[in-house]
>>> print(open('start.csv').read())   # CSV, C-alpha atoms and all ligand atoms
chain,number,residue,atom,x,y,z
A,1,MET,CA,27.4,4.8,-8.3
A,2,SER,CA,28.8,4.7,-11.9
A,3,PRO,CA,31.1,7.6,-13.0
A,4,ALA,CA,28.6,8.2,-15.7
A,5,ARG,CA,26.3,9.5,-12.9
A,6,THR,CA,28.4,12.4,-11.8
A,7,PRO,CA,26.3,15.5,-12.0
A,8,ASP,CA,27.5,18.8,-13.5
A,9,HIS,CA,26.0,20.6,-10.5
A,10,PRO,CA,25.1,19.2,-7.0
A,11,ILE,CA,21.6,17.6,-6.9
A,12,ALA,CA,19.8,15.4,-4.4
A,13,PRO,CA,21.3,11.9,-4.5
A,14,LEU,CA,17.9,10.3,-5.2
A,15,PHE,CA,17.9,11.6,-8.8
A,16,LEU,CA,21.2,9.8,-9.5
A,17,SER,CA,20.4,6.6,-7.8
A,18,ARG,CA,17.2,6.1,-9.9
A,19,TRP,CA,18.0,4.2,-13.0
A,20,SER,CA,16.2,1.6,-15.1
A,21,PRO,CA,17.5,-1.9,-14.6
A,22,ARG,CA,16.4,-5.1,-16.4
A,23,ALA,CA,17.8,-7.6,-13.9
A,24,TYR,CA,15.2,-8.2,-11.2
A,25,ASP,CA,15.2,-10.8,-8.4
A,26,ALA,CA,11.7,-12.2,-9.1
A,27,SER,CA,10.6,-11.7,-5.5
A,28,ASP,CA,7.1,-11.0,-4.3
A,29,LEU,CA,6.2,-7.4,-3.7
A,30,PRO,CA,3.9,-6.7,-0.7
A,31,VAL,CA,0.8,-5.0,-2.0
A,32,ALA,CA,1.2,-2.3,0.7
A,33,ASP,CA,4.6,-1.4,-0.8
A,34,LEU,CA,3.1,-1.2,-4.3
A,35,LEU,CA,0.3,1.1,-3.0
A,36,THR,CA,2.8,3.4,-1.4
A,37,ILE,CA,4.7,3.6,-4.7
A,38,LEU,CA,1.4,4.4,-6.5
A,39,GLU,CA,0.4,6.9,-3.8
A,40,ALA,CA,3.5,8.9,-4.8
A,41,GLY,CA,2.2,9.0,-8.3
A,42,ARG,CA,-1.2,10.2,-7.0
A,43,TRP,CA,0.4,13.3,-5.7
A,44,ALA,CA,1.9,14.4,-9.0
A,45,PRO,CA,0.9,17.9,-10.2
A,46,SER,CA,-1.4,18.2,-13.2
A,47,ALA,CA,-3.0,20.9,-15.3
A,48,TYR,CA,-6.1,22.2,-13.4
A,49,ASN,CA,-5.4,19.4,-10.9
A,50,VAL,CA,-7.5,17.0,-13.1
A,51,GLN,CA,-5.2,14.1,-12.2
A,52,PRO,CA,-5.6,12.3,-15.6
A,53,TRP,CA,-3.4,9.3,-14.7
A,54,ARG,CA,-4.8,5.8,-13.9
A,55,PHE,CA,-2.7,2.9,-12.8
A,56,LEU,CA,-3.6,-0.7,-13.7
A,57,TYR,CA,-1.4,-3.2,-11.9
A,58,ALA,CA,-0.6,-6.9,-11.6
A,59,LEU,CA,1.5,-8.4,-9.0
A,60,ARG,CA,3.8,-11.3,-9.8
A,61,GLY,CA,1.9,-14.5,-10.1
A,62,ASP,CA,-1.6,-13.0,-9.6
A,63,THR,CA,-4.5,-13.7,-12.0
A,64,ASN,CA,-3.6,-10.9,-14.3
A,65,TRP,CA,0.2,-11.3,-14.3
A,66,GLN,CA,0.5,-13.4,-17.5
A,67,SER,CA,-2.0,-11.4,-19.5
A,68,PHE,CA,-0.3,-8.1,-18.5
A,69,LEU,CA,3.1,-9.6,-19.5
A,70,SER,CA,1.7,-10.6,-22.8
A,71,LEU,CA,1.2,-6.9,-23.7
A,72,LEU,CA,4.9,-6.2,-23.7
A,73,ASP,CA,6.8,-6.3,-26.9
A,74,PRO,CA,9.2,-9.3,-27.5
A,75,PHE,CA,12.2,-7.3,-26.4
A,76,ASN,CA,10.7,-6.3,-23.1
A,77,GLN,CA,9.3,-9.8,-22.5
A,78,ARG,CA,12.9,-11.0,-22.5
A,79,TRP,CA,13.5,-9.4,-19.1
A,80,ALA,CA,10.4,-8.0,-17.5
A,81,GLY,CA,9.1,-11.4,-16.3
A,82,GLU,CA,11.5,-11.3,-13.4
A,83,ALA,CA,9.9,-8.1,-12.0
A,84,SER,CA,7.6,-8.1,-9.0
A,85,ALA,CA,4.9,-5.8,-10.4
A,86,LEU,CA,3.8,-4.5,-13.7
A,87,ILE,CA,1.8,-1.3,-14.0
A,88,PHE,CA,0.2,0.2,-17.1
A,89,LEU,CA,0.0,3.9,-16.9
A,90,LEU,CA,-3.0,5.4,-18.6
A,91,SER,CA,-4.1,9.0,-19.1
A,92,ASP,CA,-7.5,10.5,-19.6
A,93,THR,CA,-7.5,12.4,-22.9
A,94,VAL,CA,-10.6,14.4,-21.8
A,95,MET,CA,-10.2,17.5,-19.7
A,96,PRO,CA,-13.4,17.6,-17.5
A,97,GLY,CA,-15.1,21.0,-17.5
A,98,ASP,CA,-16.3,23.0,-14.5
A,99,GLU,CA,-18.0,26.3,-13.9
A,100,THR,CA,-15.0,28.2,-15.5
A,101,ARG,CA,-14.3,26.1,-18.6
A,102,PRO,CA,-16.1,23.5,-20.9
A,103,MET,CA,-15.1,19.9,-21.2
A,104,THR,CA,-12.4,19.6,-23.9
A,105,HIS,CA,-9.7,17.4,-25.3
A,106,SER,CA,-6.7,17.7,-22.9
A,107,LYS,CA,-3.4,19.0,-24.2
A,108,TYR,CA,-1.6,17.9,-21.1
A,109,HIS,CA,-2.7,14.3,-20.4
A,110,SER,CA,0.6,12.8,-21.4
A,111,PHE,CA,2.7,15.5,-19.8
A,112,ASP,CA,0.8,15.0,-16.5
A,113,ALA,CA,1.1,11.2,-16.7
A,114,GLY,CA,4.9,11.7,-17.2
A,115,ALA,CA,5.0,13.5,-13.9
A,116,ALA,CA,3.2,10.7,-12.2
A,117,TRP,CA,5.6,8.1,-13.7
A,118,MET,CA,8.5,10.1,-12.3
A,119,GLN,CA,7.0,10.3,-8.8
A,120,ILE,CA,6.4,6.5,-8.9
A,121,ALA,CA,10.0,5.9,-10.0
A,122,LEU,CA,11.5,8.1,-7.3
A,123,GLN,CA,9.3,6.7,-4.6
A,124,ALA,CA,10.2,3.2,-5.7
A,125,THR,CA,13.9,4.1,-5.6
A,126,SER,CA,13.8,5.7,-2.2
A,127,PHE,CA,12.0,2.6,-0.9
A,128,GLY,CA,14.8,0.2,-2.1
A,129,TYR,CA,13.0,-0.9,-5.3
A,130,ALA,CA,13.7,-0.1,-9.0
A,131,ALA,CA,11.2,1.1,-11.7
A,132,HIS,CA,11.6,0.8,-15.4
A,133,ALA,CA,9.3,2.5,-17.9
A,134,MET,CA,8.5,0.7,-21.2
A,135,ALA,CA,6.9,2.2,-24.4
A,136,GLY,CA,7.6,-1.1,-26.2
A,137,LEU,CA,4.1,-2.5,-25.8
A,138,ASP,CA,1.5,-4.3,-27.9
A,139,PHE,CA,-0.8,-1.2,-28.1
A,140,GLU,CA,-3.2,-3.0,-30.5
A,141,ASN,CA,-4.1,-5.7,-28.1
A,142,ALA,CA,-3.9,-3.6,-24.9
A,143,SER,CA,-7.2,-1.9,-25.2
A,144,LYS,CA,-9.0,-5.3,-25.4
A,145,VAL,CA,-6.9,-7.1,-22.7
A,146,LEU,CA,-7.1,-4.1,-20.3
A,147,ASP,CA,-10.7,-3.2,-21.2
A,148,LEU,CA,-9.6,0.4,-21.8
A,149,PRO,CA,-12.4,3.0,-22.3
A,150,LYS,CA,-11.9,4.9,-25.5
A,151,ARG,CA,-11.0,8.2,-23.9
A,152,PHE,CA,-8.0,6.7,-22.0
A,153,ASN,CA,-4.6,6.6,-23.6
A,154,LEU,CA,-2.0,3.9,-22.7
A,155,GLU,CA,1.2,5.7,-22.0
A,156,VAL,CA,3.7,3.2,-20.8
A,157,GLY,CA,4.2,0.0,-18.9
A,158,ILE,CA,6.3,0.1,-15.7
A,159,THR,CA,8.1,-2.7,-14.0
A,160,ILE,CA,8.8,-2.5,-10.3
A,161,GLY,CA,11.0,-4.9,-8.4
A,162,ARG,CA,14.2,-5.5,-6.5
A,163,ARG,CA,17.3,-5.1,-8.6
A,164,ALA,CA,19.4,-8.3,-9.0
A,165,GLU,CA,22.9,-9.1,-10.4
A,166,ALA,CA,23.1,-8.8,-14.2
A,167,ALA,CA,24.5,-12.4,-14.4
A,168,ASN,CA,21.1,-14.0,-15.3
A,169,LEU,CA,20.5,-11.7,-18.2
A,170,ALA,CA,21.4,-12.6,-21.8
A,171,ASP,CA,24.8,-11.2,-22.9
A,172,ASP,CA,23.5,-8.3,-24.9
A,173,LEU,CA,21.3,-7.1,-22.0
A,174,LYS,CA,24.1,-7.7,-19.5
A,175,ALA,CA,26.3,-5.2,-21.3
A,176,ARG,CA,23.6,-2.6,-21.0
A,177,GLU,CA,22.9,-3.1,-17.3
A,178,VAL,CA,24.7,0.0,-16.1
A,179,PRO,CA,23.4,3.4,-15.1
A,180,SER,CA,23.5,5.7,-18.1
A,181,GLY,CA,25.0,9.2,-18.3
A,182,ARG,CA,23.5,12.4,-19.8
A,183,ARG,CA,24.5,15.1,-22.2
A,184,PRO,CA,26.1,18.1,-20.5
A,185,LEU,CA,23.6,20.6,-19.0
A,186,GLU,CA,25.1,23.4,-21.2
A,187,GLN,CA,23.6,21.5,-24.2
A,188,MET,CA,20.1,21.7,-22.9
A,189,ALA,CA,19.8,24.8,-20.7
A,190,PHE,CA,20.1,28.2,-22.4
A,191,ALA,CA,19.9,31.7,-20.9
A,192,GLY,CA,17.4,33.4,-23.3
A,193,PRO,CA,16.1,32.3,-26.8
A,194,PHE,CA,17.1,29.0,-28.5
A,195,PRO,CA,20.7,29.4,-29.6
A,196,GLU,CA,21.3,29.1,-33.4
A,197,ARG,CA,24.3,26.8,-32.8
A,198,PHE,CA,22.1,24.1,-31.2
A,199,ASN,CA,19.6,23.9,-34.1
A,200,VAL,CA,21.2,20.7,-35.4
A,201,ILE,CA,20.8,18.9,-32.1
A,202,ALA,CA,17.2,20.1,-31.8
A,203,ALA,CA,16.3,18.6,-35.2
A,204,GLU,CA,17.8,15.2,-34.5
B,301,LIG,C1,8.8,6.8,-22.1
B,301,LIG,C2,9.8,5.8,-21.9
B,301,LIG,C3,9.8,4.6,-22.7
B,301,LIG,C4,10.8,3.6,-22.5
B,301,LIG,N1,10.7,2.4,-23.2
B,301,LIG,C5,11.5,1.4,-22.9
B,301,LIG,C6,11.3,0.1,-23.4
B,301,LIG,O1,10.4,-0.2,-24.1
B,301,LIG,N2,12.2,-0.9,-23.0
B,301,LIG,C7,13.3,-0.6,-22.3
B,301,LIG,O2,14.1,-1.5,-22.0
B,301,LIG,N3,13.5,0.6,-21.7
B,301,LIG,C8,12.7,1.6,-22.0
B,301,LIG,N4,12.8,2.9,-21.4
B,301,LIG,C9,14.0,3.1,-20.5
B,301,LIG,C10,14.9,4.1,-21.1
B,301,LIG,O3,15.7,3.5,-22.1
B,301,LIG,C11,15.8,4.7,-20.0
B,301,LIG,O4,15.0,5.4,-19.1
B,301,LIG,C12,16.9,5.6,-20.6
B,301,LIG,O5,17.8,4.9,-21.3
B,301,LIG,C13,17.6,6.4,-19.4
B,301,LIG,O6,18.2,5.5,-18.5
B,301,LIG,P1,17.8,5.4,-17.0
B,301,LIG,O7,16.3,5.4,-16.8
B,301,LIG,O8,18.5,4.2,-16.5
B,301,LIG,O9,18.4,6.7,-16.4
B,301,LIG,C14,11.9,3.8,-21.6
B,301,LIG,C15,11.9,5.0,-20.8
B,301,LIG,C16,10.9,6.0,-21.0
B,301,LIG,C17,10.9,7.2,-20.1
>>> encode(input="start.csv", output="structure tokens", more="lines below")
Ligand SMILES: Cc1cc2nc3c(=O)[nH]c(=O)nc-3n(C[C@H](O)[C@H](O)[C@H](O)COP(=O)(O)O)c2cc1C
Amino acid sequence: MSPARTPDHPIAPLFLSRWSPRAYDASDLPVADLLTILEAGRWAPSAYNVQPWRFLYALRGDTNWQSFLSLLDPFNQRWAGEASALIFLLSDTVMPGDETRPMTHSKYHSFDAGAAWMQIALQATSFGYAAHAMAGLDFENASKVLDLPKRFNLEVGITIGRRAEAANLADDLKAREVPSGRRPLEQMAFAGPFPERFNVIAAE
């Protein structure tokens, strides 16, 4: 693992071994493996347990593969075609009501969908695959191509696949094909109220 991935405090190795590659080996992904990865997303926590996430997927070469790929922006199309599966993560913006509360607009749909993304990424990693989230999407065309009902929000696309050597990537992407580091924990975790001296970082 890269020196950039040395934690400030000891954590489970899975968190460090997950990273977002762009070089994939273009292999086929058994649907059972994909379903296991999505199953992990299913078990994410959500506000009132409404489970607002939905997963639309295409497997490499299936009937939806090309139309799904066409919804990535030009940058992501440069590399994502070698992945084995492409998932679009949606969230339901409507919080269904029950006997204790009325139906309302959800304030947590994106937050909850983010939890599902992370469970997907960690399950994929622990299974020997890699996952890479992408917000660089053609949002305008997506609702038509994916037949999205109005109340659903497209959050991100996610590639899943087996990591490959960076050699086949274009030079600019090759240089970026390394696990990234993080700012020190002391710049993001504070005992008590928000410290004045970090206001500048917060505004960036
Ligand atoms: C919401 C979200 C959107 C992202 N969008 C893109 C994207 O469009 N294209 C891309 O190559 N990477 C994208 N990334 C990957 C991030 O750049 C990456 O997660 C970040 O640099 C940290 O690196 P790591 O995931 O390897 O730890 C996205 C990640 C997230 C969580």
>>> residues_near_ligand(input="start.csv", ligand="ligand LIG 301 (chain B)", cutoff="6 Å", atoms="all atoms listed in the file", output="NGL selection string")
:A and (19-20 or 76 or 133-136 or 179-180)
>>> write_last_selection(input="start.csv", atoms="C-alpha atoms", output="mmCIF file, in the coordinates of the input")
data_model
loop_
_atom_site.group_PDB
_atom_site.id
_atom_site.type_symbol
_atom_site.label_atom_id
_atom_site.label_comp_id
_atom_site.auth_asym_id
_atom_site.auth_seq_id
_atom_site.Cartn_x
_atom_site.Cartn_y
_atom_site.Cartn_z
ATOM 1 C CA TRP A 19 18.000 4.200 -13.000
ATOM 2 C CA SER A 20 16.200 1.600 -15.100
ATOM 3 C CA ASN A 76 10.700 -6.300 -23.100
ATOM 4 C CA ALA A 133 9.300 2.500 -17.900
ATOM 5 C CA MET A 134 8.500 0.700 -21.200
ATOM 6 C CA ALA A 135 6.900 2.200 -24.400
ATOM 7 C CA GLY A 136 7.600 -1.100 -26.200
ATOM 8 C CA PRO A 179 23.400 3.400 -15.100
ATOM 9 C CA SER A 180 23.500 5.700 -18.100
#
>>> closest_residue(input="start.csv", among="A:Ala26, A:Leu69, A:Ala170, A:Leu185", to="His9 in chain A", atoms="only C-alpha atoms")
A:Leu185
>>> residues_around(input="start.csv", residues="range 95-101 of chain A", least_positions_apart="3", cutoff="12 Å", atoms="only C-alpha atoms", output="list in words")
Ser46, Ala47, Tyr48, Asn49, Val50, Gln51, Pro52, Trp53, Ser91, Asp92, Thr104, His105, Ser106, Lys107, Tyr108, His109, Ser110, Asp112, Arg151 and Phe152 of chain A
>>> write_last_selection(input="start.csv", atoms="C-alpha atoms", output="PDB file, in the frame of the given file")
ATOM      1  CA  SER A  46      -1.400  18.200 -13.200  1.00  0.00           C
ATOM      2  CA  ALA A  47      -3.000  20.900 -15.300  1.00  0.00           C
ATOM      3  CA  TYR A  48      -6.100  22.200 -13.400  1.00  0.00           C
ATOM      4  CA  ASN A  49      -5.400  19.400 -10.900  1.00  0.00           C
ATOM      5  CA  VAL A  50      -7.500  17.000 -13.100  1.00  0.00           C
ATOM      6  CA  GLN A  51      -5.200  14.100 -12.200  1.00  0.00           C
ATOM      7  CA  PRO A  52      -5.600  12.300 -15.600  1.00  0.00           C
ATOM      8  CA  TRP A  53      -3.400   9.300 -14.700  1.00  0.00           C
ATOM      9  CA  SER A  91      -4.100   9.000 -19.100  1.00  0.00           C
ATOM     10  CA  ASP A  92      -7.500  10.500 -19.600  1.00  0.00           C
ATOM     11  CA  THR A 104     -12.400  19.600 -23.900  1.00  0.00           C
ATOM     12  CA  HIS A 105      -9.700  17.400 -25.300  1.00  0.00           C
ATOM     13  CA  SER A 106      -6.700  17.700 -22.900  1.00  0.00           C
ATOM     14  CA  LYS A 107      -3.400  19.000 -24.200  1.00  0.00           C
ATOM     15  CA  TYR A 108      -1.600  17.900 -21.100  1.00  0.00           C
ATOM     16  CA  HIS A 109      -2.700  14.300 -20.400  1.00  0.00           C
ATOM     17  CA  SER A 110       0.600  12.800 -21.400  1.00  0.00           C
ATOM     18  CA  ASP A 112       0.800  15.000 -16.500  1.00  0.00           C
ATOM     19  CA  ARG A 151     -11.000   8.200 -23.900  1.00  0.00           C
ATOM     20  CA  PHE A 152      -8.000   6.700 -22.000  1.00  0.00           C
TER      21      PHE A 152
END
>>> closest_residue(input="start.csv", among="A:Ala121, A:Gly192, A:Gln77, A:Ala113", to="Phe15 in chain A", atoms="all atoms listed in the file")
A:Ala121
>>> residues_near_point(input="start.csv", point="(-1.1, 3.1, -8.5)", cutoff="9 Å", atoms="all atoms listed in the file", output="list of chain:residue names")
A:Leu34, A:Leu35, A:Thr36, A:Ile37, A:Leu38, A:Glu39, A:Ala40, A:Gly41, A:Arg42, A:Arg54, A:Phe55, A:Leu56, A:Tyr57, A:Ile87, A:Leu89, A:Ile120
>>> residues_around(input="start.csv", residues="Ala58 in chain A", least_positions_apart="2", cutoff="8 Å", atoms="all atoms listed in the file", output="list in words")
Leu56, Arg60, Asp62, Thr63, Asn64, Trp65, Phe68, Ala85, Leu86 and Ile87 of chain A
>>> atom_distance(input="start.csv", atom1="CA of Gly114 in chain A", atom2="CA of Asp172 in chain A")
28.4 Å
>>> closest_residue(input="start.csv", among="A:Ser27, A:Gly81, A:Arg18, A:Leu72", to="Leu169 in chain A", atoms="all atoms listed in the file")
A:Gly81
>>> atom_distance(input="start.csv", atom1="CA of Glu165 in chain A", atom2="CA of Ala80 in chain A")
14.4 Å
>>> atom_distance(input="start.csv", atom1="CA of Leu16 in chain A", atom2="CA of Val178 in chain A")
12.3 Å
>>> closest_residue(input="start.csv", among="A:Ala83, A:Val31, A:Ala115, A:Ala191", to="Trp43 in chain A", atoms="only C-alpha atoms")
A:Ala115
>>> closest_residue(input="start.csv", among="A:Gly161, A:Ala4, A:Phe88, A:Val94", to="Ala116 in chain A", atoms="all atoms listed in the file")
A:Phe88
>>> closest_residue(input="start.csv", among="A:Leu59, A:Phe194, A:Arg22, A:Glu186", to="Asp8 in chain A", atoms="only C-alpha atoms")
A:Glu186
